[in-house]
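J.: File name target.cif; file contents mmCIF, C-alpha atoms and all ligand atoms; full text below.
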data_entry
#
loop_
_atom_site.label_atom_id
_atom_site.label_comp_id
_atom_site.auth_asym_id
_atom_site.auth_seq_id
_atom_site.Cartn_x
_atom_site.Cartn_y
_atom_site.Cartn_z
CA MET A 14 -46.70 38.41 7.32
CA GLU A 15 -44.43 35.50 8.24
CA LEU A 16 -40.65 35.94 8.15
CA VAL A 17 -37.84 33.50 8.94
CA ILE A 18 -35.60 35.32 11.40
CA ASN A 19 -32.40 33.63 12.55
CA GLY A 20 -33.91 30.32 11.46
CA ASP A 21 -37.22 30.72 13.32
CA LYS A 22 -40.58 31.44 11.69
CA VAL A 23 -41.88 34.70 13.14
CA GLU A 24 -45.25 36.36 12.52
CA VAL A 25 -44.76 40.13 12.34
CA PRO A 26 -47.50 42.81 12.50
CA SER A 27 -48.72 44.27 9.21
CA THR A 28 -47.17 47.61 10.10
CA VAL A 29 -43.74 46.06 9.47
CA GLU A 30 -43.09 46.82 5.80
CA THR A 31 -39.37 47.59 5.69
CA VAL A 32 -36.19 46.47 7.45
CA THR A 33 -36.23 49.73 9.42
CA ASN A 34 -39.76 48.91 10.66
CA LEU A 35 -38.59 45.42 11.61
CA LEU A 36 -35.67 46.73 13.67
CA GLN A 37 -37.99 49.22 15.37
CA ASN A 38 -40.45 46.40 16.08
CA PHE A 39 -37.69 44.44 17.83
CA GLU A 40 -36.31 47.60 19.46
CA VAL A 41 -32.87 47.03 17.93
CA ASP A 42 -30.73 50.11 17.24
CA GLN A 43 -29.82 49.91 13.55
CA LYS A 44 -26.35 51.31 14.25
CA VAL A 45 -25.32 48.15 16.07
CA VAL A 46 -26.89 45.46 13.93
CA ILE A 47 -25.90 43.62 10.76
CA VAL A 48 -28.85 42.50 8.65
CA GLU A 49 -28.74 39.81 6.00
CA LEU A 50 -31.85 39.59 3.77
CA ASN A 51 -32.19 36.42 1.68
CA GLY A 52 -28.44 35.86 1.74
CA THR A 53 -27.33 39.44 1.02
CA ILE A 54 -25.93 41.79 3.66
CA LEU A 55 -27.73 45.12 3.60
CA GLU A 56 -25.97 48.44 3.85
CA LYS A 57 -27.34 50.47 6.72
CA LYS A 58 -28.46 53.26 4.43
CA SER A 59 -30.67 50.83 2.49
CA HIS A 60 -32.63 49.59 5.53
CA GLN A 61 -35.31 52.22 4.95
CA GLU A 62 -36.05 51.21 1.35
CA SER A 63 -35.61 47.45 1.81
CA ARG A 64 -39.18 46.13 1.65
CA LEU A 65 -40.07 42.83 3.22
CA SER A 66 -42.33 40.15 1.82
CA ASP A 67 -43.83 36.94 3.14
CA GLY A 68 -41.27 34.15 3.64
CA ASP A 69 -38.16 36.40 3.53
CA ARG A 70 -35.16 34.92 5.32
CA ILE A 71 -33.47 37.39 7.65
CA GLU A 72 -30.38 37.01 9.78
CA LEU A 73 -29.91 39.63 12.48
CA VAL A 74 -26.71 39.90 14.50
CA HIS A 75 -26.44 42.75 16.95
CA PHE A 76 -23.28 43.88 18.70
CA VAL A 77 -23.12 43.94 22.47
CA GLY A 78 -20.36 45.17 24.75
CA GLY A 79 -20.44 43.11 27.95
CA GLY A 80 -17.80 40.67 28.89
CA MET B 8 4.19 15.73 32.32
CA SER B 9 4.19 14.15 28.87
CA GLU B 10 0.72 12.72 29.61
CA ARG B 11 -0.60 16.16 30.27
CA TYR B 12 -1.53 17.10 26.71
CA SER B 13 -2.02 13.56 25.38
CA ARG B 14 -5.75 13.95 24.66
CA GLN B 15 -5.20 17.22 22.85
CA GLU B 16 -2.35 15.70 20.81
CA LEU B 17 -4.63 12.81 19.83
CA PHE B 18 -6.95 15.38 18.29
CA THR B 19 -5.67 15.28 14.70
CA PRO B 20 -5.94 18.99 13.79
CA ILE B 21 -3.58 19.75 16.71
CA GLY B 22 -1.33 16.70 17.04
CA VAL B 23 2.17 16.68 18.57
CA ASP B 24 3.36 19.40 16.19
CA GLY B 25 0.41 21.64 17.00
CA GLN B 26 1.00 21.16 20.71
CA ALA B 27 4.62 22.30 20.28
CA LYS B 28 3.37 25.37 18.44
CA ILE B 29 0.90 26.20 21.24
CA ARG B 30 3.78 25.90 23.71
CA SER B 31 5.84 28.40 21.67
CA LYS B 32 3.14 31.10 21.51
CA HIS B 33 2.25 34.18 23.53
CA VAL B 34 -1.35 35.29 23.99
CA LEU B 35 -2.48 38.63 25.41
CA ILE B 36 -5.90 38.76 27.08
CA ILE B 37 -7.35 42.19 27.79
CA GLY B 38 -9.78 41.95 30.70
CA ALA B 39 -9.99 39.36 33.47
CA GLY B 40 -13.74 39.34 34.06
CA ALA B 41 -16.06 36.56 32.92
CA LEU B 42 -14.69 36.11 29.39
CA GLY B 43 -11.09 36.76 30.41
CA THR B 44 -11.00 34.20 33.22
CA GLY B 45 -12.68 31.62 30.96
CA SER B 46 -10.26 32.14 28.06
CA ALA B 47 -7.25 32.31 30.36
CA GLU B 48 -8.10 29.02 32.03
CA GLY B 49 -8.80 27.37 28.67
CA LEU B 50 -5.52 28.52 27.11
CA VAL B 51 -3.37 27.79 30.16
CA ARG B 52 -4.82 24.27 30.47
CA ALA B 53 -4.20 23.84 26.72
CA GLY B 54 -0.52 24.56 27.32
CA VAL B 55 0.05 28.03 25.91
CA GLY B 56 3.68 29.05 26.42
CA LYS B 57 3.04 32.52 27.74
CA LEU B 58 -0.09 34.37 28.75
CA THR B 59 -0.31 38.05 29.57
CA LEU B 60 -3.45 39.06 31.43
CA VAL B 61 -4.40 42.66 32.15
CA ASP B 62 -7.25 44.05 34.26
CA ARG B 63 -7.99 47.28 36.11
CA ASP B 64 -10.51 46.01 38.62
CA TYR B 65 -10.67 43.96 41.83
CA VAL B 66 -12.79 40.93 42.73
CA GLU B 67 -16.28 41.54 44.14
CA TRP B 68 -18.99 39.16 45.33
CA SER B 69 -21.13 39.81 42.22
CA ASN B 70 -18.28 38.37 40.10
CA LEU B 71 -18.22 34.89 41.65
CA GLN B 72 -21.31 33.60 39.80
CA ARG B 73 -19.41 33.55 36.48
CA GLN B 74 -15.76 34.62 36.83
CA GLN B 75 -14.29 31.19 37.18
CA LEU B 76 -10.82 31.85 38.55
CA TYR B 77 -11.93 33.68 41.71
CA SER B 78 -12.79 32.56 45.23
CA GLU B 79 -14.72 34.01 48.15
CA ALA B 80 -11.41 34.97 49.78
CA ASP B 81 -10.50 37.05 46.71
CA ALA B 82 -13.82 38.94 47.00
CA THR B 83 -13.58 39.41 50.78
CA ASN B 84 -10.04 40.79 50.48
CA ARG B 85 -10.76 42.80 47.31
CA ILE B 86 -7.80 41.25 45.52
CA PRO B 87 -7.09 42.81 42.10
CA LYS B 88 -8.32 40.44 39.41
CA ALA B 89 -4.95 40.31 37.65
CA VAL B 90 -3.28 39.22 40.93
CA ALA B 91 -5.90 36.61 41.89
CA ALA B 92 -6.05 35.21 38.34
CA LYS B 93 -2.28 34.84 38.05
CA LYS B 94 -2.12 32.87 41.30
CA ARG B 95 -4.91 30.52 40.27
CA LEU B 96 -3.50 30.02 36.75
CA GLU B 97 -0.08 29.14 38.16
CA ASP B 98 -1.75 26.54 40.39
CA ILE B 99 -3.45 25.08 37.31
CA ASN B 100 -0.36 24.87 35.10
CA SER B 101 3.07 25.65 36.49
CA ASP B 102 4.55 25.12 33.03
CA ALA B 103 2.86 28.21 31.55
CA GLU B 104 4.46 31.61 32.03
CA ILE B 105 1.85 34.01 33.41
CA GLU B 106 2.43 37.74 33.30
CA SER B 107 -0.24 39.94 34.81
CA HIS B 108 -0.79 43.66 35.19
CA VAL B 109 -3.18 45.62 37.42
CA MET B 110 -3.65 48.32 34.83
CA ASP B 111 -6.21 50.28 32.86
CA VAL B 112 -5.41 49.71 29.20
CA SER B 113 -5.45 52.59 26.77
CA VAL B 114 -3.37 53.38 23.69
CA GLU B 115 0.04 53.75 25.36
CA GLU B 116 -0.34 50.56 27.39
CA MET B 117 -1.59 48.62 24.38
CA GLU B 118 1.42 49.71 22.30
CA GLN B 119 3.70 48.19 24.96
CA LEU B 120 1.66 45.07 25.67
CA VAL B 121 1.33 43.95 22.05
CA ASN B 122 5.08 43.43 21.56
CA ASN B 123 6.00 39.80 20.82
CA VAL B 124 2.37 38.71 21.08
CA ASP B 125 0.90 36.18 18.63
CA LEU B 126 -2.76 36.81 19.39
CA VAL B 127 -4.99 39.15 21.37
CA VAL B 128 -8.18 37.85 22.99
CA ASP B 129 -10.79 40.51 23.70
CA ALA B 130 -12.37 40.05 27.11
CA THR B 131 -13.20 43.69 27.68
CA ASP B 132 -16.56 45.24 28.50
CA ASN B 133 -16.68 48.31 26.27
CA PHE B 134 -16.14 49.47 22.69
CA ASP B 135 -13.68 52.26 23.49
CA ILE B 136 -10.99 49.73 24.31
CA ARG B 137 -12.11 47.33 21.56
CA MET B 138 -11.57 50.00 18.92
CA ILE B 139 -8.07 50.59 20.32
CA ILE B 140 -7.38 46.84 20.20
CA ASN B 141 -8.72 46.86 16.63
CA ASP B 142 -6.29 49.53 15.41
CA ILE B 143 -3.32 48.11 17.35
CA SER B 144 -4.04 44.73 15.76
CA GLN B 145 -3.93 46.27 12.30
CA LYS B 146 -0.85 48.39 13.01
CA HIS B 147 1.15 45.49 14.45
CA ASN B 148 -0.33 42.77 12.24
CA VAL B 149 -1.58 40.67 15.17
CA PRO B 150 -4.92 38.84 14.96
CA TRP B 151 -7.59 39.32 17.61
CA VAL B 152 -10.81 37.60 18.61
CA TYR B 153 -13.78 39.77 19.55
CA GLY B 154 -16.22 38.34 22.07
CA ALA B 155 -19.06 39.79 24.13
CA CYS B 156 -22.15 38.67 25.99
CA VAL B 157 -25.14 39.98 27.90
CA GLY B 158 -28.14 38.13 29.32
CA SER B 159 -28.26 34.80 27.48
CA TYR B 160 -26.87 36.35 24.27
CA GLY B 161 -23.35 36.20 22.94
CA ILE B 162 -21.36 37.20 19.85
CA SER B 163 -17.87 36.56 18.49
CA TYR B 164 -15.76 37.36 15.45
CA THR B 165 -12.17 36.62 14.47
CA ILE B 166 -10.18 39.45 12.90
CA ILE B 167 -7.11 38.58 10.84
CA PRO B 168 -5.23 41.67 9.53
CA ASN B 169 -4.95 41.91 5.73
CA LYS B 170 -7.52 39.14 5.36
CA THR B 171 -10.84 39.74 7.12
CA PRO B 172 -12.78 42.95 7.67
CA CYS B 173 -11.84 44.72 10.90
CA LEU B 174 -14.27 45.78 13.62
CA ALA B 175 -14.41 49.31 12.17
CA CYS B 176 -15.51 47.84 8.81
CA LEU B 177 -18.39 46.07 10.57
CA LEU B 178 -19.46 48.97 12.77
CA GLU B 179 -20.31 52.30 11.24
CA SER B 180 -20.29 53.88 14.65
CA VAL B 181 -19.25 52.70 18.06
CA PRO B 182 -22.22 51.38 20.02
CA ILE B 183 -22.77 53.45 23.12
CA GLY B 184 -25.13 52.79 25.96
CA GLY B 185 -27.22 49.72 25.34
CA LEU B 186 -27.62 46.81 27.67
CA THR B 187 -24.79 45.77 29.93
CA CYS B 188 -24.17 42.94 32.38
CA ASP B 189 -25.12 45.35 35.12
CA THR B 190 -28.46 46.37 33.64
CA ALA B 191 -29.61 43.19 31.86
CA GLY B 192 -27.72 40.59 33.87
CA ILE B 193 -25.78 37.65 32.52
CA ILE B 194 -25.92 33.87 32.90
CA SER B 195 -22.67 31.94 32.98
CA PRO B 196 -23.50 29.54 30.10
CA ALA B 197 -23.62 32.56 27.76
CA VAL B 198 -20.12 33.42 28.96
CA GLN B 199 -18.95 29.83 28.49
CA MET B 200 -20.33 29.69 24.96
CA VAL B 201 -18.47 32.85 23.90
CA VAL B 202 -15.34 31.51 25.62
CA ALA B 203 -15.71 28.24 23.69
CA TYR B 204 -15.82 30.16 20.41
CA GLN B 205 -12.91 32.42 21.35
CA VAL B 206 -10.62 29.68 22.69
CA THR B 207 -11.30 27.41 19.72
CA GLU B 208 -10.41 30.20 17.29
CA ALA B 209 -7.35 30.96 19.41
CA LEU B 210 -6.19 27.34 19.21
CA LYS B 211 -6.61 27.35 15.42
CA ILE B 212 -4.48 30.50 15.19
CA LEU B 213 -1.85 29.15 17.60
CA VAL B 214 -1.44 25.91 15.60
CA GLU B 215 -1.49 28.02 12.42
CA ASP B 216 -4.51 26.21 10.96
CA TYR B 217 -5.86 29.37 9.31
CA GLU B 218 -7.96 27.38 6.83
CA SER B 219 -10.18 26.20 9.67
CA LEU B 220 -10.98 29.65 11.06
CA ARG B 221 -14.66 30.54 11.15
CA SER B 222 -15.26 33.39 8.72
CA LYS B 223 -18.72 34.15 10.06
CA LEU B 224 -19.76 36.66 12.63
CA VAL B 225 -21.53 34.31 15.03
CA SER B 226 -24.23 35.03 17.58
CA PHE B 227 -26.54 32.99 19.76
CA ASP B 228 -29.20 33.32 22.39
CA LEU B 229 -29.18 30.30 24.66
CA TRP B 230 -32.48 31.15 26.37
CA LYS B 231 -34.34 31.78 23.11
CA ASN B 232 -32.75 28.71 21.46
CA GLN B 233 -31.33 30.78 18.62
CA GLN B 234 -28.04 30.58 16.79
CA THR B 235 -26.98 32.39 13.64
CA GLY B 236 -23.98 33.43 11.63
CA ILE B 237 -23.39 35.94 8.87
CA ASN B 238 -20.48 35.73 6.45
CA VAL B 239 -19.19 39.30 6.55
CA ASP B 240 -16.17 38.95 4.21
CA LYS B 241 -17.75 41.39 1.75
CA MET B 242 -17.95 44.08 4.41
CA LYS B 243 -14.19 44.73 4.25
CA LYS B 244 -13.89 48.34 3.15
CA ILE B 245 -10.89 49.45 1.07
CA ASN B 246 -11.35 52.98 2.41
CA CYS B 247 -11.51 51.85 6.07
CA LEU B 248 -9.34 54.19 8.15
CA SER B 249 -8.29 51.31 10.41
CA CYS B 250 -7.45 48.57 7.88
CA GLY B 251 -7.76 50.11 4.40
CA ASP B 252 -5.14 51.31 1.92
CA ASP B 253 -4.90 54.82 3.38
CA ARG B 254 -5.19 53.88 7.00
CA THR B 255 -4.62 56.43 9.75
CA TYR B 256 -5.53 54.34 12.82
CA PRO B 257 -8.04 56.93 14.08
CA ASN B 258 -8.62 55.04 17.33
CA LEU B 259 -5.01 55.55 18.36
CA ALA B 260 -5.22 59.34 18.05
CA PHE B 261 -4.60 61.34 21.21
CA SER B 262 -8.12 62.74 21.36
CA LYS B 263 -9.52 59.23 21.76
CA ARG B 264 -7.68 58.62 25.00
CA THR B 265 -10.26 58.96 27.71
CA LYS B 266 -9.22 59.60 31.25
CA THR B 267 -12.57 58.90 32.83
CA ALA B 268 -14.89 55.98 32.20
CA VAL B 269 -18.18 54.77 33.57
CA LEU B 270 -17.68 51.07 34.35
CA CYS B 271 -20.08 48.52 32.86
CA GLY B 272 -23.25 48.48 35.01
CA ARG B 273 -21.48 49.06 38.28
CA ASP B 274 -22.62 52.54 39.33
CA THR B 275 -18.93 53.35 39.26
CA VAL B 276 -16.71 55.92 37.59
CA GLN B 277 -12.99 55.38 37.06
CA ILE B 278 -10.61 58.32 37.04
CA ARG B 279 -7.05 58.04 35.75
CA THR B 280 -4.35 60.57 36.42
CA PRO B 281 -3.05 62.28 33.25
CA ASN B 282 0.44 60.93 33.95
CA PRO B 283 1.37 57.67 35.69
CA ILE B 284 2.02 58.15 39.40
CA GLU B 285 2.67 55.80 42.29
CA ARG B 286 0.33 56.50 45.17
CA ASP B 287 1.64 56.13 48.71
CA LEU B 288 -1.30 54.13 50.04
CA ASP B 289 -0.08 54.10 53.66
CA LYS B 290 0.19 57.87 53.79
CA LEU B 291 -3.19 58.27 52.12
CA ALA B 292 -4.75 55.82 54.60
CA SER B 293 -3.59 57.85 57.57
CA ILE B 294 -4.99 61.06 56.07
CA LEU B 295 -8.34 59.62 55.00
CA SER B 296 -8.92 57.61 58.20
CA GLN B 297 -9.76 60.90 59.91
CA GLN B 298 -12.62 61.50 57.43
CA GLY B 299 -14.26 58.11 57.01
CA LYS B 300 -13.88 54.34 57.07
CA VAL B 301 -10.67 53.04 55.57
CA SER B 302 -9.51 49.50 54.71
CA GLN B 303 -6.42 48.44 52.83
CA ASN B 304 -4.59 45.53 51.20
CA PRO B 305 -1.17 45.57 49.48
CA TYR B 306 -2.72 46.64 46.17
CA LEU B 307 -5.44 49.12 47.00
CA LEU B 308 -7.05 51.34 49.58
CA SER B 309 -10.80 51.58 50.12
CA PHE B 310 -12.36 54.69 51.67
CA THR B 311 -16.08 54.94 52.51
CA LYS B 312 -17.84 58.20 53.21
CA GLY B 313 -21.65 58.32 53.21
CA ARG B 314 -23.06 56.59 50.13
CA HIS B 315 -19.78 56.81 48.22
CA ARG B 316 -16.75 54.57 48.28
CA LEU B 317 -13.42 55.50 46.72
CA VAL B 318 -10.96 52.76 45.85
CA MET B 319 -7.43 53.96 45.15
CA PHE B 320 -4.90 51.81 43.32
CA LYS B 321 -1.12 52.08 43.52
CA ASP B 322 -0.93 53.04 39.83
CA GLY B 323 -2.87 56.23 40.56
CA ARG B 324 -6.32 55.17 39.36
CA VAL B 325 -9.37 55.73 41.53
CA LEU B 326 -12.72 53.96 41.29
CA ILE B 327 -15.60 56.02 42.62
CA HIS B 328 -18.51 53.76 43.59
CA GLY B 329 -22.01 55.07 44.17
CA THR B 330 -22.28 57.37 41.15
CA LYS B 331 -22.54 57.21 37.36
CA ASP B 332 -22.06 60.96 37.08
CA ILE B 333 -18.56 61.83 35.88
CA ALA B 334 -18.77 65.40 37.19
CA GLU B 335 -19.82 64.23 40.65
CA ALA B 336 -17.04 61.63 40.61
CA LYS B 337 -14.47 64.28 39.74
CA THR B 338 -15.72 66.45 42.59
CA LEU B 339 -15.28 63.60 45.05
CA TYR B 340 -11.87 62.78 43.62
CA HIS B 341 -10.61 66.30 44.07
CA ARG B 342 -12.25 66.68 47.50
CA TYR B 343 -10.32 63.79 49.00
CA LEU B 344 -7.23 63.47 46.80
CA GLY B 345 -6.51 67.08 45.84
ZN ZN C 401 -11.52 47.94 8.51
#
Could you take the file, read its structure, and then write that structure out as structure tokens?
Ligand SMILES: [Zn+2]

T.:
Amino acid sequence: MELVINGDKVEVPSTVETVTNLLQNFEVDQKVVIVELNGTILEKKSHQESRLSDGDRIELVHFVGGG
Amino acid sequence: MSERYSRQELFTPIGVDGQAKIRSKHVLIIGAGALGTGSAEGLVRAGVGKLTLVDRDYVEWSNLQRQQLYSEADATNRIPKAVAAKKRLEDINSDAEIESHVMDVSVEEMEQLVNNVDLVVDATDNFDIRMIINDISQKHNVPWVYGACVGSYGISYTIIPNKTPCLACLLESVPIGGLTCDTAGIISPAVQMVVAYQVTEALKILVEDYESLRSKLVSFDLWKNQQTGINVDKMKKINCLSCGDDRTYPNLAFSKRTKTAVLCGRDTVQIRTPNPIERDLDKLASILSQQGKVSQNPYLLSFTKGRHRLVMFKDGRVLIHGTKDIAEAKTLYHRYLG
């Protein structure tokens, strides 16, 4: 499946079916990330049920602490 | 002197009026590391009237690659960052008033520092202090600009009380652990990019051009050639305890005030005394010199014993290098300082 993540086309493995899978695939802790799927910000509790399909546009912004 | 800001005054969104506004404003920067030195230099060159800069640490060689106000002499002599930065900033612009404090900022300090401040710029390295800044900003109705970076990645967001979501609205829980500058490294262009975002937002706020503020949470990765932004306006929560209708400012509660902290990627633990004290560094030096290697400058005393090094500041704080273990650090603290 091909997704558009932060503006780049990315091929993800077929095991990635939900937003939770996607975050696990990128090793991003879901507590510290804001996910926008096709223009809508997802609530963290809906990551598990948010299914992904080919061509979905995803913006991922994760918080970091350094400075 | 009138030539000094001519190019900035030619920039229409600022103009002569905007320049006068910048000159009349007071900015507080928490942290004088990479982001703090960048923002401080940017704002002082831009002609901010008063800048207050606060930092708890001293200059080390590993800082020089990206912390733009410091020199080799500052690292060799272990000059506190707040002291070294103030000197350099005064050399850059003698017209700006620079106040600096060698201080660890927690709730009590923040309550004092925020008085008569128009804007707070976050240049810290952890979320404990950011959440305190967040609640102080809401309580005192002062905007602040979050910024952070690690590796080639950076992120920034501008928080305007009663308008935008606050940091607590965006974060369901405070990120702990994760990558830091000490574990994942950092390249200076990532710092400069975050500084560019923060200083630009600061200038908009100082000239009161609120319409032009960026409402998106912005992030980038310079090495991976990525840049993105998410409009997070809808994430403002009416039941947020920091900015909502029934706010309690949970991050200002006594239980949140930590007295020990593991410093960002430095194999170092900081210990604060429960109450402010003034350490007699000369007396301490004569006692400790019988136990190990001691060196001293007017601001701090360094004591090396085996693989550990203790650095004692006049304000009572001690940095214990060579451990990440708070219990071990406390043991060393009490062994040598009672
Ligand atoms: Zn809030």

J.: Pull the neighbourhood of (0.7, 39.4, 43.7) for me: all residues within 10 Å in file coordinates, counting only C-alpha atoms, as a ChimeraX atom specification.

T.: /B:86-87,89-94,107-109,305-306

J.: Identify every residue of chain A that has at least one atom within 10 Å of any atom of chain B, counting all atoms listed in the file, and report the result as a ChimeraX atom specification.

T.: /A:18-21,41-42,44-49,52-57,72-80

J.: How many Å lie between CA of Ser296 in chain B and CA of Gly329 in chain B, rounded to one decimal?

T.: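 Going from CA of Ser296 in chain B over to CA of Gly329 in chain B covers 19.4 Å.
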
J.: Take the point (-9.8, 48.6, 6.0) as written in the file and pick out every residue within 10 Å of it, counting all atoms listed in the file; give the list as a list in words.

T.: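 The requested residues, written out, are Gln145, Pro168, Asn169, Lys170, Thr171, Pro172, Cys173, Leu174, Ala175, Cys176, Met242, Lys243, Lys244, Ile245, Asn246, Cys247, Leu248, Ser249, Cys250, Gly251, Asp252, Asp253, Arg254 and Tyr256 of chain B.
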
J.: Skip Gln61 in chain A itself and residues of its chain fewer than 6 positions away, then list as JSON, numbers by chain all residues within 9 Å of it, counting all atoms listed in the file.

T.: {"A": [31, 32, 33, 34]}

J.: Can you tell me how far CA of Val124 in chain B sits from CA of Ser31 in chain B, in Å to one decimal?

T.: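 For CA of Val124 in chain B relative to CA of Ser31 in chain B, the distance reads 10.9 Å.
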
J.: Between B:Thr267, B:Ser309, B:Gln199, B:Ser113, single out the one closest to Val61 in chain B, counting only C-alpha atoms.

T.: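 When distances to Val61 in chain B are compared using only C-alpha atoms, the smallest one comes from B:Ser113.
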
J.: Could you state the separation of CA of Gly22 in chain B and CA of Asp102 in chain B in Å, given to one decimal place?

T.: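 Spanning CA of Gly22 in chain B to CA of Asp102 in chain B is a straight-line distance of 19.0 Å.
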
J.: Would you mind completing range 60-80 of chain A to N, CA and C atoms and writing the output as a JSON list (two decimals), in the frame of the given file?

T.:
[["chain", "number", "residue", "atom", "x", "y", "z"],
["A", 60, "HIS", "N", -31.61, 50.20, 4.66],
["A", 60, "HIS", "CA", -32.63, 49.59, 5.53],
["A", 60, "HIS", "C", -34.02, 50.18, 5.28],
["A", 61, "GLN", "N", -34.04, 51.51, 5.10],
["A", 61, "GLN", "CA", -35.31, 52.22, 4.95],
["A", 61, "GLN", "C", -36.09, 51.77, 3.70],
["A", 62, "GLU", "N", -35.35, 51.56, 2.59],
["A", 62, "GLU", "CA", -36.05, 51.21, 1.35],
["A", 62, "GLU", "C", -36.17, 49.70, 1.11],
["A", 63, "SER", "N", -35.53, 48.90, 2.01],
["A", 63, "SER", "CA", -35.61, 47.45, 1.81],
["A", 63, "SER", "C", -36.96, 46.93, 2.29],
["A", 64, "ARG", "N", -37.83, 46.59, 1.31],
["A", 64, "ARG", "CA", -39.18, 46.13, 1.65],
["A", 64, "ARG", "C", -39.17, 44.63, 1.91],
["A", 65, "LEU", "N", -40.01, 44.24, 2.83],
["A", 65, "LEU", "CA", -40.07, 42.83, 3.22],
["A", 65, "LEU", "C", -41.30, 42.17, 2.62],
["A", 66, "SER", "N", -41.14, 40.88, 2.25],
["A", 66, "SER", "CA", -42.33, 40.15, 1.82],
["A", 66, "SER", "C", -42.38, 38.78, 2.51],
["A", 67, "ASP", "N", -43.56, 38.19, 2.46],
["A", 67, "ASP", "CA", -43.83, 36.94, 3.14],
["A", 67, "ASP", "C", -42.75, 35.90, 2.81],
["A", 68, "GLY", "N", -42.23, 35.24, 3.85],
["A", 68, "GLY", "CA", -41.27, 34.15, 3.64],
["A", 68, "GLY", "C", -39.82, 34.60, 3.54],
["A", 69, "ASP", "N", -39.55, 35.92, 3.59],
["A", 69, "ASP", "CA", -38.16, 36.40, 3.53],
["A", 69, "ASP", "C", -37.34, 35.78, 4.66],
["A", 70, "ARG", "N", -36.09, 35.45, 4.31],
["A", 70, "ARG", "CA", -35.16, 34.92, 5.32],
["A", 70, "ARG", "C", -34.25, 36.06, 5.79],
["A", 71, "ILE", "N", -34.25, 36.28, 7.09],
["A", 71, "ILE", "CA", -33.47, 37.39, 7.65],
["A", 71, "ILE", "C", -32.56, 36.88, 8.75],
["A", 72, "GLU", "N", -31.30, 37.28, 8.67],
["A", 72, "GLU", "CA", -30.38, 37.01, 9.78],
["A", 72, "GLU", "C", -30.07, 38.35, 10.42],
["A", 73, "LEU", "N", -30.20, 38.40, 11.73],
["A", 73, "LEU", "CA", -29.91, 39.63, 12.48],
["A", 73, "LEU", "C", -28.84, 39.32, 13.51],
["A", 74, "VAL", "N", -27.73, 40.06, 13.46],
["A", 74, "VAL", "CA", -26.71, 39.90, 14.50],
["A", 74, "VAL", "C", -26.45, 41.28, 15.08],
["A", 75, "HIS", "N", -26.70, 41.44, 16.37],
["A", 75, "HIS", "CA", -26.44, 42.75, 16.95],
["A", 75, "HIS", "C", -25.25, 42.70, 17.91],
["A", 76, "PHE", "N", -24.49, 43.79, 17.88],
["A", 76, "PHE", "CA", -23.28, 43.88, 18.70],
["A", 76, "PHE", "C", -23.65, 44.24, 20.13],
["A", 77, "VAL", "N", -22.98, 43.57, 21.07],
["A", 77, "VAL", "CA", -23.12, 43.94, 22.47],
["A", 77, "VAL", "C", -21.71, 44.15, 23.05],
["A", 78, "GLY", "N", -21.66, 44.79, 24.22],
["A", 78, "GLY", "CA", -20.36, 45.17, 24.75],
["A", 78, "GLY", "C", -19.89, 44.38, 25.95],
["A", 79, "GLY", "N", -20.80, 43.72, 26.65],
["A", 79, "GLY", "CA", -20.44, 43.11, 27.95],
["A", 79, "GLY", "C", -19.43, 41.99, 27.82],
["A", 80, "GLY", "N", -18.78, 41.75, 28.95],
["A", 80, "GLY", "CA", -17.80, 40.67, 28.89],
["A", 80, "GLY", "C", -17.34, 40.26, 30.27]]
